[in-house]
>>> print(open('upload.cif').read())   # mmCIF, C-alpha atoms
data_query
#
loop_
_atom_site.label_atom_id
_atom_site.label_comp_id
_atom_site.auth_asym_id
_atom_site.auth_seq_id
_atom_site.Cartn_x
_atom_site.Cartn_y
_atom_site.Cartn_z
CA MET A 1 63.88 115.86 118.71
CA ASN A 2 62.30 118.21 116.18
CA PHE A 3 65.69 118.89 114.75
CA ARG A 4 66.37 115.20 114.32
CA ILE A 5 63.20 114.71 112.32
CA PHE A 6 64.07 117.76 110.28
CA LYS A 7 67.52 116.39 109.57
CA ARG A 8 66.16 113.03 108.61
CA LYS A 9 63.71 114.69 106.23
CA LEU A 10 66.51 116.61 104.61
CA ALA A 11 68.61 113.51 104.28
CA SER A 12 65.84 111.54 102.68
CA ALA A 13 65.04 114.45 100.36
CA PHE A 14 68.64 114.35 99.24
CA THR A 15 68.66 110.60 98.85
CA LEU A 16 65.67 110.89 96.54
CA CYS A 17 67.52 113.42 94.46
CA ALA A 18 70.63 111.34 94.47
CA PHE A 19 68.86 108.31 93.11
CA GLY A 20 66.48 110.13 90.82
CA GLY A 21 69.07 112.48 89.49
CA LEU A 22 72.70 111.76 90.11
CA THR A 23 72.94 108.03 89.79
CA PHE A 24 70.46 106.95 87.17
CA GLY A 25 70.06 110.49 85.98
CA ALA A 26 73.19 110.35 83.92
CA SER A 27 71.00 109.88 80.88
CA SER A 28 67.38 110.41 81.94
CA ALA A 29 66.74 112.95 84.70
CA LEU A 30 69.56 115.21 83.61
CA ALA A 31 68.31 115.43 80.04
CA GLU A 32 67.39 118.77 78.40
CA GLY A 33 64.90 120.75 80.39
CA SER A 34 65.27 118.65 83.52
CA LEU A 35 65.20 120.29 86.93
CA MET A 36 66.80 118.69 89.94
CA ARG A 37 66.14 120.08 93.38
CA VAL A 38 68.91 119.31 95.84
CA SER A 39 68.68 119.85 99.54
CA GLU A 40 71.34 118.73 101.98
CA PRO A 41 71.73 119.14 105.74
CA ASN A 42 72.76 122.70 106.76
CA LEU A 43 72.69 124.00 103.16
CA LYS A 44 70.22 126.15 101.25
CA PRO A 45 68.37 124.11 98.62
CA TYR A 46 69.24 124.79 94.98
CA THR A 47 68.14 123.62 91.54
CA ILE A 48 70.36 122.06 88.87
CA VAL A 49 69.06 122.70 85.36
CA ASP A 50 69.81 120.21 82.57
CA GLY A 51 72.49 118.65 84.74
CA THR A 52 74.85 121.42 83.64
CA SER A 53 74.09 124.58 85.55
CA ILE A 54 72.70 126.25 88.70
CA PRO A 55 71.35 129.49 87.24
CA ASP A 56 70.18 131.11 90.51
CA SER A 57 72.40 132.70 93.13
CA LEU A 58 72.67 130.43 96.17
CA SER A 59 72.41 133.37 98.56
CA GLY A 60 69.89 135.30 96.52
CA LYS A 61 72.43 138.13 96.34
CA ALA A 62 75.02 139.16 93.80
CA GLY A 63 78.64 138.21 94.42
CA ASN A 64 81.56 140.52 95.18
CA ALA A 65 84.36 139.83 92.69
CA VAL A 66 87.09 141.55 94.73
CA ASN A 67 86.35 139.35 97.70
CA GLY A 68 85.97 136.38 95.35
CA LYS A 69 89.56 136.74 94.18
CA LYS A 70 90.78 136.73 97.79
CA LEU A 71 88.71 133.65 98.62
CA LEU A 72 90.00 131.86 95.54
CA VAL A 73 93.60 132.28 96.70
CA HIS A 74 93.04 131.83 100.45
CA ARG A 75 94.53 128.52 101.60
CA LYS A 76 91.79 127.81 104.12
CA LYS A 77 88.97 128.81 101.74
CA GLY A 78 89.01 128.12 98.00
CA ASN A 79 92.71 127.32 97.73
CA CYS A 80 92.00 126.88 94.03
CA LEU A 81 95.65 127.49 93.07
CA THR A 82 96.47 124.06 94.50
CA CYS A 83 95.26 122.63 91.22
CA HIS A 84 94.57 125.54 88.84
CA SER A 85 96.59 128.42 87.56
CA ALA A 86 94.90 131.82 87.39
CA PRO A 87 95.96 135.26 86.11
CA ILE A 88 97.04 136.30 89.61
CA LEU A 89 100.72 137.05 89.12
CA GLU A 90 101.40 138.19 92.67
CA GLU A 91 100.90 134.58 93.82
CA GLU A 92 103.95 132.28 93.44
CA PHE A 93 103.24 128.54 92.85
CA HIS A 94 100.13 127.68 90.83
CA GLY A 95 99.07 124.06 90.39
CA ASP A 96 99.01 122.23 87.07
CA VAL A 97 96.60 119.39 87.67
CA ALA A 98 93.57 121.27 86.27
CA PRO A 99 92.81 123.60 83.34
CA PRO A 100 93.94 127.24 83.76
CA LEU A 101 91.13 129.48 85.02
CA GLU A 102 92.19 132.24 82.65
CA GLY A 103 89.38 132.83 80.12
CA VAL A 104 86.87 130.77 82.08
CA GLY A 105 84.38 133.65 81.90
CA ASP A 106 84.37 133.23 78.11
CA ARG A 107 84.01 129.47 78.20
CA MET A 108 81.36 129.09 80.88
CA SER A 109 78.21 130.85 82.12
CA ALA A 110 77.80 131.92 85.76
CA GLY A 111 75.37 129.02 86.24
CA GLU A 112 77.84 126.47 84.87
CA ILE A 113 80.63 127.81 87.06
CA ARG A 114 78.31 127.73 90.08
CA LEU A 115 77.53 124.03 89.54
CA ARG A 116 81.26 123.34 89.08
CA LEU A 117 81.94 124.81 92.51
CA VAL A 118 78.90 123.41 94.28
CA ASN A 119 79.37 119.81 93.11
CA PRO A 120 81.70 119.06 90.18
CA LYS A 121 80.95 115.33 90.53
CA VAL A 122 77.61 115.92 88.84
CA ILE A 123 79.66 116.71 85.71
CA ASN A 124 82.55 114.29 86.19
CA PRO A 125 82.19 111.61 88.90
CA ASP A 126 85.93 110.88 88.80
CA THR A 127 87.16 114.47 89.20
CA PRO A 128 89.70 115.30 91.90
CA MET A 129 87.99 118.68 92.38
CA MET A 130 86.10 118.91 95.65
CA ALA A 131 82.46 119.87 96.01
CA TYR A 132 82.61 123.21 97.78
CA TYR A 133 78.94 123.22 98.79
CA ARG A 134 78.16 119.77 100.00
CA THR A 135 77.67 118.13 103.38
CA HIS A 136 76.12 114.80 102.45
CA GLY A 137 77.61 111.58 101.13
CA LEU A 138 81.14 112.16 102.46
CA ASN A 139 83.25 109.62 104.41
CA GLN A 140 85.57 109.90 107.39
CA VAL A 141 85.30 113.71 107.60
CA SER A 142 87.32 115.35 110.43
CA LYS A 143 85.06 116.02 113.39
CA SER A 144 85.52 119.77 113.17
CA PHE A 145 84.28 119.85 109.56
CA VAL A 146 81.34 117.44 109.75
CA GLY A 147 78.16 119.01 108.40
CA LYS A 148 79.98 122.07 107.12
CA PRO A 149 80.50 122.98 103.47
CA MET A 150 83.96 124.11 102.25
CA LEU A 151 82.49 127.51 101.37
CA ASN A 152 79.21 129.17 102.37
CA GLU A 153 76.65 130.37 99.83
CA GLN A 154 77.89 133.96 99.69
CA GLU A 155 81.52 132.84 99.34
CA ILE A 156 80.54 130.69 96.35
CA GLU A 157 78.75 133.71 94.84
CA ASP A 158 81.81 135.91 95.35
CA ILE A 159 84.08 133.43 93.56
CA VAL A 160 81.57 133.01 90.71
CA ALA A 161 81.50 136.82 90.36
CA TYR A 162 85.30 136.91 90.12
CA LEU A 163 85.60 134.01 87.66
CA ILE A 164 83.05 135.55 85.32
CA THR A 165 85.39 138.55 84.96
CA LEU A 166 88.18 136.28 83.62
CA LYS A 167 87.53 136.88 79.93
CA MET B 1 76.13 114.34 81.02
CA MET B 2 79.74 114.84 80.19
CA MET B 3 81.87 111.84 80.92
CA THR B 4 85.59 111.76 80.63
CA LYS B 5 87.03 108.66 79.05
CA THR B 6 86.42 105.69 81.32
CA LYS B 7 89.50 105.35 83.37
CA LYS B 8 90.74 102.07 84.73
CA PRO B 9 90.18 102.99 88.38
CA ILE B 10 86.48 103.16 87.54
CA ALA B 11 86.67 99.66 86.15
CA LEU B 12 88.34 98.70 89.40
CA ALA B 13 85.57 100.30 91.44
CA VAL B 14 83.01 98.39 89.40
CA GLY B 15 85.07 95.25 89.83
CA MET B 16 85.03 95.75 93.57
CA LEU B 17 81.26 96.01 93.51
CA LEU B 18 81.02 92.79 91.56
CA GLY B 19 83.38 90.84 93.74
CA LEU B 20 86.71 91.48 95.32
CA SER B 21 88.46 88.36 94.13
CA VAL B 22 87.70 89.19 90.51
CA ALA B 23 89.07 92.67 91.06
CA THR B 24 92.39 91.43 92.45
CA ALA B 25 92.86 88.90 89.71
CA GLN B 26 92.76 91.74 87.19
CA ALA B 27 94.40 94.13 89.59
CA THR B 28 97.70 92.37 89.98
CA ASP B 29 98.00 91.80 86.22
CA ASP B 30 97.47 95.39 85.29
CA MET B 31 99.86 97.63 87.23
CA SER B 32 98.32 100.80 85.77
CA LEU B 33 95.52 100.33 88.32
CA HIS B 34 98.09 100.92 91.05
CA ILE B 35 100.82 103.07 89.59
CA SER B 36 100.56 105.73 86.96
CA PRO B 37 102.27 104.51 83.77
CA GLN B 38 105.46 106.52 83.24
CA SER B 39 106.16 108.01 79.85
CA GLN B 40 109.82 108.71 80.65
CA PRO B 41 112.51 106.32 81.86
CA ALA B 42 114.03 107.13 85.26
CA PRO B 43 116.41 110.11 85.06
CA GLU B 44 120.01 109.27 84.34
CA GLY B 45 121.89 108.18 87.42
CA LEU B 46 118.64 107.42 89.29
CA GLU B 47 117.79 104.15 87.54
CA ASP B 48 118.30 102.23 90.79
CA TYR B 49 115.36 104.11 92.32
CA ALA B 50 112.90 102.84 89.72
CA HIS B 51 111.41 99.47 88.95
CA GLY B 52 109.01 99.15 86.03
CA ASP B 53 106.67 102.12 86.42
CA ALA B 54 107.35 102.36 90.16
CA ARG B 55 109.40 105.41 91.19
CA SER B 56 110.80 106.04 94.64
CA GLY B 57 110.10 109.38 96.32
CA TYR B 58 113.87 109.87 96.03
CA ILE B 59 113.41 110.66 92.33
CA TYR B 60 110.97 113.46 93.16
CA ALA B 61 113.12 114.87 95.95
CA THR B 62 115.40 117.85 95.47
CA GLU B 63 119.14 117.54 94.99
CA GLU B 64 119.70 118.88 98.54
CA THR B 65 117.42 116.34 100.14
CA ARG B 66 119.03 113.50 98.22
CA THR B 67 122.49 114.60 99.29
CA LEU B 68 121.38 114.53 102.93
CA GLN B 69 120.06 111.00 102.51
CA ASP B 70 123.11 109.73 100.66
CA ASP B 71 125.58 110.48 103.43
CA ASP B 72 125.00 108.61 106.70
CA PHE B 73 126.99 111.28 108.55
CA GLU B 74 124.75 114.06 107.21
CA ASN B 75 121.48 112.13 107.44
CA PRO B 76 119.82 113.36 110.68
CA ALA B 77 117.98 110.05 111.07
CA PHE B 78 121.24 108.48 112.20
CA LEU B 79 120.92 110.14 115.59
CA TRP B 80 118.04 107.71 116.20
CA VAL B 81 119.80 104.79 114.54
CA GLU B 82 122.88 105.18 116.75
CA LYS B 83 120.76 105.05 119.90
CA ALA B 84 119.02 101.95 118.56
CA GLN B 85 122.41 100.32 117.99
CA GLU B 86 123.15 100.65 121.71
CA GLN B 87 119.66 99.51 122.57
CA TRP B 88 120.10 96.34 120.47
CA SER B 89 122.46 94.81 122.99
CA THR B 90 121.01 96.34 126.17
CA PRO B 91 119.07 93.80 128.27
CA GLU B 92 115.67 94.98 129.44
CA GLY B 93 112.41 93.71 130.89
CA ASP B 94 111.59 90.91 133.30
CA ALA B 95 113.37 88.35 131.09
CA ASN B 96 116.48 90.52 131.23
CA LYS B 97 117.18 89.93 127.55
CA SER B 98 118.31 92.15 124.73
CA CYS B 99 117.60 91.80 121.02
CA GLN B 100 121.14 90.50 120.77
CA SER B 101 120.44 87.66 123.24
CA CYS B 102 118.05 86.02 120.82
CA HIS B 103 119.03 87.37 117.42
CA GLY B 104 122.79 87.81 117.63
CA ASP B 105 124.27 90.71 115.70
CA VAL B 106 121.88 93.12 114.06
CA GLU B 107 123.27 92.06 110.66
CA SER B 108 121.17 88.91 111.11
CA MET B 109 118.21 91.13 110.23
CA LYS B 110 119.38 91.42 106.63
CA GLY B 111 116.44 90.88 104.27
CA VAL B 112 113.82 91.04 107.02
CA GLY B 113 112.73 94.64 106.34
CA ALA B 114 112.07 93.83 102.67
CA VAL B 115 109.25 91.37 103.36
CA TYR B 116 107.23 93.29 105.97
CA PRO B 117 104.29 93.76 106.45
CA LYS B 118 103.77 90.04 106.60
CA PHE B 119 101.02 87.72 107.80
CA ASP B 120 102.03 85.99 111.02
CA PRO B 121 100.39 82.56 111.29
CA GLU B 122 101.12 82.36 115.00
CA ILE B 123 98.95 85.33 115.93
CA GLY B 124 96.78 85.10 112.82
CA ASP B 125 97.20 88.74 111.87
CA LEU B 126 99.29 91.05 109.73
CA LEU B 127 102.46 92.41 111.37
CA ASN B 128 104.59 95.30 110.23
CA LEU B 129 108.09 95.84 111.59
CA GLU B 130 106.90 98.11 114.38
CA LYS B 131 104.41 95.53 115.61
CA ARG B 132 106.91 92.68 115.18
CA ILE B 133 109.51 94.48 117.28
CA ASN B 134 106.99 95.33 119.96
CA ARG B 135 105.91 91.71 120.11
CA CYS B 136 109.51 90.76 120.84
CA ARG B 137 109.53 93.34 123.60
CA SER B 138 106.33 92.20 125.24
CA GLU B 139 106.74 88.42 124.70
CA GLY B 140 110.47 87.75 124.41
CA MET B 141 111.83 90.42 126.76
CA GLN B 142 108.76 90.88 128.92
CA ALA B 143 109.28 94.62 128.66
CA THR B 144 106.72 97.35 127.96
CA PRO B 145 106.12 97.79 124.24
CA TRP B 146 107.34 101.08 122.84
CA LYS B 147 104.81 103.76 121.85
CA TRP B 148 104.22 103.88 118.09
CA GLU B 149 105.82 107.20 117.32
CA SER B 150 108.45 107.02 120.09
CA ASP B 151 112.10 107.73 119.34
CA GLU B 152 112.95 104.19 120.48
CA LEU B 153 110.57 102.38 118.13
CA LEU B 154 111.36 104.65 115.17
CA GLY B 155 115.08 104.17 115.72
CA MET B 156 114.87 100.39 116.11
CA THR B 157 112.58 100.04 113.08
CA SER B 158 115.09 102.05 111.05
CA LEU B 159 118.02 100.01 112.32
CA VAL B 160 116.32 96.72 111.42
CA LYS B 161 115.12 97.94 108.03
CA MET B 162 118.46 99.49 107.23
CA GLN B 163 120.05 96.02 107.24
CA SER B 164 118.16 95.51 103.94
CA ARG B 165 119.22 98.79 102.34
CA GLY B 166 119.38 98.49 98.58
CA MET B 167 117.50 95.21 98.55
CA PRO B 168 114.25 95.17 96.57
CA VAL B 169 110.97 95.49 98.47
CA ASN B 170 109.31 92.10 98.21
CA VAL B 171 106.10 91.80 100.21
CA SER B 172 103.76 88.89 99.63
CA ILE B 173 100.02 89.28 99.05
CA ASP B 174 99.33 85.56 98.70
CA GLY B 175 97.38 83.33 101.04
CA PRO B 176 96.00 84.97 104.15
CA ALA B 177 97.67 88.31 103.22
CA LYS B 178 95.34 88.68 100.27
CA GLU B 179 92.39 89.77 102.38
CA TYR B 180 94.49 92.62 103.84
CA PHE B 181 95.74 93.56 100.40
CA GLU B 182 92.19 93.88 99.11
CA LYS B 183 91.10 95.91 102.08
CA GLY B 184 94.10 98.23 101.68
CA MET B 185 93.46 98.66 97.98
CA LYS B 186 89.84 99.52 98.68
CA PHE B 187 90.87 102.15 101.21
CA TYR B 188 93.36 103.57 98.70
CA ASN B 189 90.58 104.10 96.19
CA THR B 190 87.92 105.41 98.58
CA ARG B 191 87.22 109.12 98.73
CA VAL B 192 87.48 110.50 102.26
CA GLY B 193 87.39 113.81 104.08
CA GLN B 194 85.60 117.09 103.49
CA MET B 195 87.67 117.36 100.31
CA ASP B 196 86.45 113.96 99.22
CA LEU B 197 89.70 112.65 97.73
CA ALA B 198 91.16 109.15 97.62
CA CYS B 199 94.88 108.42 97.84
CA LYS B 200 94.74 107.43 94.19
CA HIS B 201 93.58 110.87 93.06
CA CYS B 202 96.87 112.40 94.13
CA HIS B 203 99.36 109.52 93.92
CA ILE B 204 98.11 107.73 90.78
CA ASP B 205 96.02 110.14 88.70
CA GLN B 206 98.09 113.25 89.44
CA ASN B 207 101.51 111.63 89.92
CA GLY B 208 104.17 113.92 88.43
CA ASN B 209 101.98 117.05 88.56
CA TYR B 210 102.30 120.01 90.86
CA MET B 211 99.82 120.90 93.57
CA ARG B 212 101.08 124.40 94.23
CA ALA B 213 104.74 123.89 95.19
CA GLU B 214 104.34 120.15 95.87
CA LEU B 215 105.47 117.74 93.17
CA LEU B 216 103.27 114.68 93.59
CA SER B 217 105.23 111.45 93.92
CA GLN B 218 103.71 107.98 93.85
CA GLY B 219 103.51 107.97 97.65
CA GLN B 220 105.84 104.98 97.94
CA ALA B 221 106.76 103.35 101.26
CA ASN B 222 110.29 102.09 100.49
CA GLY B 223 111.97 104.98 102.33
CA PHE B 224 110.19 104.68 105.69
CA PRO B 225 110.90 105.45 108.48
CA THR B 226 111.68 108.85 107.01
CA TYR B 227 113.38 111.90 108.41
CA ARG B 228 111.14 114.75 107.23
CA LEU B 229 112.59 118.22 107.20
CA LYS B 230 109.10 119.51 107.93
CA TRP B 231 108.79 117.30 111.03
CA GLN B 232 112.41 117.85 112.07
CA LYS B 233 112.15 114.27 113.19
CA LEU B 234 112.09 110.69 112.09
CA GLY B 235 108.52 109.53 111.39
CA SER B 236 106.61 106.36 110.60
CA LEU B 237 104.63 105.51 107.50
CA HIS B 238 101.44 105.68 109.54
CA ARG B 239 102.30 109.23 110.56
CA ARG B 240 102.48 110.07 106.85
CA PHE B 241 99.08 108.40 106.29
CA ARG B 242 97.67 110.54 109.09
CA GLY B 243 99.14 113.65 107.50
CA CYS B 244 97.74 112.81 104.06
CA ASN B 245 94.33 112.17 105.64
CA ASN B 246 94.45 115.33 107.70
CA ASN B 247 95.37 117.54 104.73
CA ILE B 248 92.10 116.71 103.04
CA ARG B 249 90.18 117.23 106.27
CA ALA B 250 89.65 113.52 106.84
CA GLU B 251 89.63 112.01 110.31
CA LYS B 252 93.08 110.64 111.09
CA LEU B 253 93.00 106.97 112.04
CA ALA B 254 95.09 105.51 114.84
CA ASN B 255 98.66 104.41 114.20
CA GLY B 256 98.57 100.65 113.81
CA SER B 257 94.79 100.59 113.21
CA PRO B 258 93.50 97.71 111.05
CA GLU B 259 92.81 100.18 108.22
CA TYR B 260 96.34 101.59 108.19
CA MET B 261 97.88 98.11 108.53
CA ALA B 262 96.01 96.93 105.43
CA LEU B 263 96.88 100.19 103.69
CA GLU B 264 100.55 99.70 104.57
CA LEU B 265 100.53 96.28 102.91
CA TYR B 266 98.92 97.64 99.75
CA VAL B 267 101.12 100.74 99.58
CA THR B 268 104.30 98.72 100.18
CA TRP B 269 103.31 96.12 97.57
CA ARG B 270 102.86 98.88 94.93
CA GLY B 271 106.58 99.46 95.40
CA ASN B 272 107.75 95.83 95.17
CA GLY B 273 111.11 95.98 93.38
CA LEU B 274 112.06 99.46 94.62
CA PRO B 275 115.14 99.55 96.83
CA ILE B 276 114.79 99.81 100.61
CA GLU B 277 116.07 103.29 101.52
CA ALA B 278 115.36 103.47 105.23
CA PRO B 279 116.03 105.83 106.84
CA SER B 280 115.29 108.18 103.94
CA VAL B 281 115.16 111.97 103.99
CA ARG B 282 112.20 113.87 102.54
CA LYS B 283 111.09 117.48 102.46
#
>>> encode(input="upload.cif", output="structure tokens")
Amino acid sequence: MNFRIFKRKLASAFTLCAFGGLTFGASSALAEGSLMRVSEPNLKPYTIVDGTSIPDSLSGKAGNAVNGKKLLVHRKKGNCLTCHSAPILEEEFHGDVAPPLEGVGDRMSAGEIRLRLVNPKVINPDTPMMAYYRTHGLNQVSKSFVGKPMLNEQEIEDIVAYLITLK
Amino acid sequence: MMMTKTKKPIALAVGMLLGLSVATAQATDDMSLHISPQSQPAPEGLEDYAHGDARSGYIYATEETRTLQDDDFENPAFLWVEKAQEQWSTPEGDANKSCQSCHGDVESMKGVGAVYPKFDPEIGDLLNLEKRINRCRSEGMQATPWKWESDELLGMTSLVKMQSRGMPVNVSIDGPAKEYFEKGMKFYNTRVGQMDLACKHCHIDQNGNYMRAELLSQGQANGFPTYRLKWQKLGSLHRRFRGCNNNIRAEKLANGSPEYMALELYVTWRGNGLPIEAPSVRK
């Protein structure tokens, strides 16, 4: 009972964000200096700054780059090589549907990479890239994955820590 | 906010919000909403497997897989087809009739596989070949319908469709079929699953690109039923839909469900003009 109310609160909090920020926010709420607080069921809340970046660690801790590299490759975790290539020569087949991740640490800040992983649709609504930290607004999700993000907060931080080393 | 250049599928999505009929009117004029425009002509020797921008999965298959498909003696699907050939003239059910009793030789099925799925005015619903055959079993023969993914139904569907091999796919989306077409198109463009992808993201937007070792085809239906090396078995189009849903962690829908029936009509229509290849061989 309590939990239901809690969940409903979370859902409505997110809906507010979605309408205030994501939908109409394309020009207004995501302008310079804007802050958007997002909270979704089962996830830690986070803040998107200027519609381009999540500056703060999701877990409050630093990431582990060595583990991040493993998670990036892992087929049941990041599986990023489906679409991207990366300077990981020991892996055979890299995808070519997305920009190479080589040099991404030069092109993007940790906060920008974090937003990219958490919800790339904030940046490009038509992207094929999945939101790795999202539980809300999805359709027809397999029962065993309902309410679960693709990666947890520390896994996101580990991958961010690895990507930032790709200079 | 960064926006990539407005792609046509977005226009389609907007169109669908405004009104479905408007969307289809534009939709059927502009094939780039359904098939990724091809910059290259079909490879030499494979011209028969292309029609306009449509490309059969055969073009994306490896040499080895194509060779298997090309030779009926090598093609493993023919184990099922041979059984179906016997079945064709075997009486069954309370009416003690066989397919042959009512339809004559199986060659009479020439052209039939090219126009399914098709709206059936008698039952007022869309039928694909599997459902059509099962209707003949339950009504005409008074026998139990075959299970969707059973060897019997896969084999018989292949046998019937095979009579149209090489003929162009030619399904109609006019009249009562239109509603199904629109529903199928909507499904095709709707993001589903934990990975939040629509069919179109892989089979239109990324057609021709590699996802790891997988070369993305247009996801055409002209080869089904297909013998997949991965399945080690003949399989239906709906089994493929379930697989493509499952891979992106989306709930698989039931074989023959209204959603997959509408999707089958849309997917098959995208390949109008491609040759019927059933039973094809794929990786």
>>> atom_distance(input="upload.cif", atom1="CA of Thr52 in chain A", atom2="CA of Ala110 in chain A")
11.1 Å
>>> residues_around(input="upload.cif", residues="range 134-136 of chain B", least_positions_apart="5", cutoff="7 Å", atoms="only C-alpha atoms", output="JSON, numbers by chain")
{"B": [141, 145, 146]}
>>> resolve_selection(input="upload.cif", expression="the PyMOL selection byres ((chain B) within 7 of (chain A))", output="number ranges by chain")
B: 1-4, 191-197, 201, 206, 209-213, 249-251
>>> resolve_selection(input="upload.cif", expression="the PyMOL selection byres ((chain B and resi 215-232) around 8)", output="MDAnalysis selection string")
chainID B and resid 35:36 54:57 60 76:77 154 157:158 169 202:204 206:211 213:214 233:237 264 267:268 270:271 274:283
>>> closest_residue(input="upload.cif", among="A:Leu72, A:Leu58, A:Ala65, A:Leu89", to="Gly111 in chain A", atoms="only C-alpha atoms")
A:Leu58
>>> atom_distance(input="upload.cif", atom1="CA of Lys121 in chain A", atom2="CA of Ser39 in chain B")
28.3 Å
>>> resolve_selection(input="upload.cif", expression="the PyMOL selection byres ((chain B and resi 173) around 12)", output="NGL selection string")
:B and (24-25 or 28 or 115-119 or 126 or 170-172 or 174-185 or 262 or 264-270 or 272)
>>> closest_residue(input="upload.cif", among="A:Pro100, A:Pro87, A:Pro120, A:Pro41", to="Ser53 in chain A", atoms="all atoms listed in the file")
A:Pro120
>>> atom_distance(input="upload.cif", atom1="CA of Glu130 in chain B", atom2="CA of Ser257 in chain B")
12.4 Å
>>> residues_around(input="upload.cif", residues="Gly63 in chain A", least_positions_apart="4", cutoff="6 Å", atoms="all atoms listed in the file", output="ChimeraX atom specification")
/A:157-158,161
>>> write_last_selection(input="upload.cif", atoms="C-alpha atoms", output="mmCIF file, keeping the file's coordinate frame")
data_model
loop_
_atom_site.group_PDB
_atom_site.id
_atom_site.type_symbol
_atom_site.label_atom_id
_atom_site.label_comp_id
_atom_site.auth_asym_id
_atom_site.auth_seq_id
_atom_site.Cartn_x
_atom_site.Cartn_y
_atom_site.Cartn_z
ATOM 1 C CA GLU A 157 78.750 133.710 94.840
ATOM 2 C CA ASP A 158 81.810 135.910 95.350
ATOM 3 C CA ALA A 161 81.500 136.820 90.360
#
>>> residues_near_point(input="upload.cif", point="(93.0, 106.8, 105.7)", cutoff="8 Å", atoms="all atoms listed in the file", output="PyMOL selection string")
chain B and resi 187-188+192+241-242+244-245+250-253+259-260+263
>>> residues_near_point(input="upload.cif", point="(68.8, 123.8, 100.0)", cutoff="12 Å", atoms="all atoms listed in the file", output="NGL selection string")
:A and (10-11 or 13-14 or 17 or 36-48 or 57-59 or 118 or 133-136 or 152-153)
>>> closest_atom_pairs(input="upload.cif", of="range 145-183 of chain B", to="range 90-103 of chain B", cutoff="12 Å", atoms="only C-alpha atoms", output="CSV")
residue,atom,partner,partner_atom,distance
B:Pro145,CA,B:Gly93,CA,10.0
B:Met156,CA,B:Cys99,CA,10.3
B:Leu159,CA,B:Cys99,CA,12.0
B:Val160,CA,B:Cys99,CA,10.9
>>> write_last_selection(input="upload.cif", atoms="C-alpha atoms", output="compact mmCIF listing (two decimals), in the coordinates of the input")
# COMPACT_ATOMS: atom_id res chain seq x y z
CA PRO B 145 106.12 97.79 124.24
CA MET B 156 114.87 100.39 116.11
CA LEU B 159 118.02 100.01 112.32
CA VAL B 160 116.32 96.72 111.42
>>> decode(input="upload.cif", residues="range 170-182 of chain B", atoms="N, CA and C atoms", output="mmCIF file, in the first residue's frame")
data_model
loop_
_atom_site.group_PDB
_atom_site.id
_atom_site.type_symbol
_atom_site.label_atom_id
_atom_site.label_comp_id
_atom_site.auth_asym_id
_atom_site.auth_seq_id
_atom_site.Cartn_x
_atom_site.Cartn_y
_atom_site.Cartn_z
ATOM 1 N N ASN B 170 3.003 -9.945 -53.953
ATOM 2 C CA ASN B 170 2.013 -8.985 -54.443
ATOM 3 C C ASN B 170 0.821 -8.930 -53.487
ATOM 4 N N VAL B 171 1.059 -8.459 -52.260
ATOM 5 C CA VAL B 171 -0.054 -8.399 -51.313
ATOM 6 C C VAL B 171 -0.787 -7.075 -51.458
ATOM 7 N N SER B 172 -2.092 -7.133 -51.207
ATOM 8 C CA SER B 172 -2.929 -5.947 -51.357
ATOM 9 C C SER B 172 -3.142 -5.281 -49.999
ATOM 10 N N ILE B 173 -3.114 -3.949 -50.004
ATOM 11 C CA ILE B 173 -3.406 -3.220 -48.760
ATOM 12 C C ILE B 173 -4.613 -2.315 -48.978
ATOM 13 N N ASP B 174 -5.402 -2.647 -49.989
ATOM 14 C CA ASP B 174 -6.596 -1.841 -50.280
ATOM 15 C C ASP B 174 -7.796 -2.348 -49.490
ATOM 16 N N GLY B 175 -8.825 -1.555 -49.477
ATOM 17 C CA GLY B 175 -10.088 -1.956 -48.857
ATOM 18 C C GLY B 175 -9.904 -2.299 -47.402
ATOM 19 N N PRO B 176 -10.535 -3.391 -46.969
ATOM 20 C CA PRO B 176 -10.487 -3.725 -45.542
ATOM 21 C C PRO B 176 -9.073 -4.053 -45.037
ATOM 22 N N ALA B 177 -8.131 -4.352 -45.959
ATOM 23 C CA ALA B 177 -6.769 -4.690 -45.528
ATOM 24 C C ALA B 177 -6.029 -3.463 -45.017
ATOM 25 N N LYS B 178 -6.506 -2.300 -45.406
ATOM 26 C CA LYS B 178 -5.797 -1.065 -45.090
ATOM 27 C C LYS B 178 -5.618 -0.845 -43.581
ATOM 28 N N GLU B 179 -6.689 -1.153 -42.863
ATOM 29 C CA GLU B 179 -6.660 -0.982 -41.412
ATOM 30 C C GLU B 179 -5.532 -1.823 -40.790
ATOM 31 N N TYR B 180 -5.357 -3.044 -41.293
ATOM 32 C CA TYR B 180 -4.304 -3.936 -40.792
ATOM 33 C C TYR B 180 -2.927 -3.386 -41.175
ATOM 34 N N PHE B 181 -2.859 -2.898 -42.402
ATOM 35 C CA PHE B 181 -1.606 -2.311 -42.888
ATOM 36 C C PHE B 181 -1.157 -1.176 -41.959
ATOM 37 N N GLU B 182 -2.107 -0.304 -41.637
ATOM 38 C CA GLU B 182 -1.772 0.849 -40.807
ATOM 39 C C GLU B 182 -1.343 0.424 -39.408
#
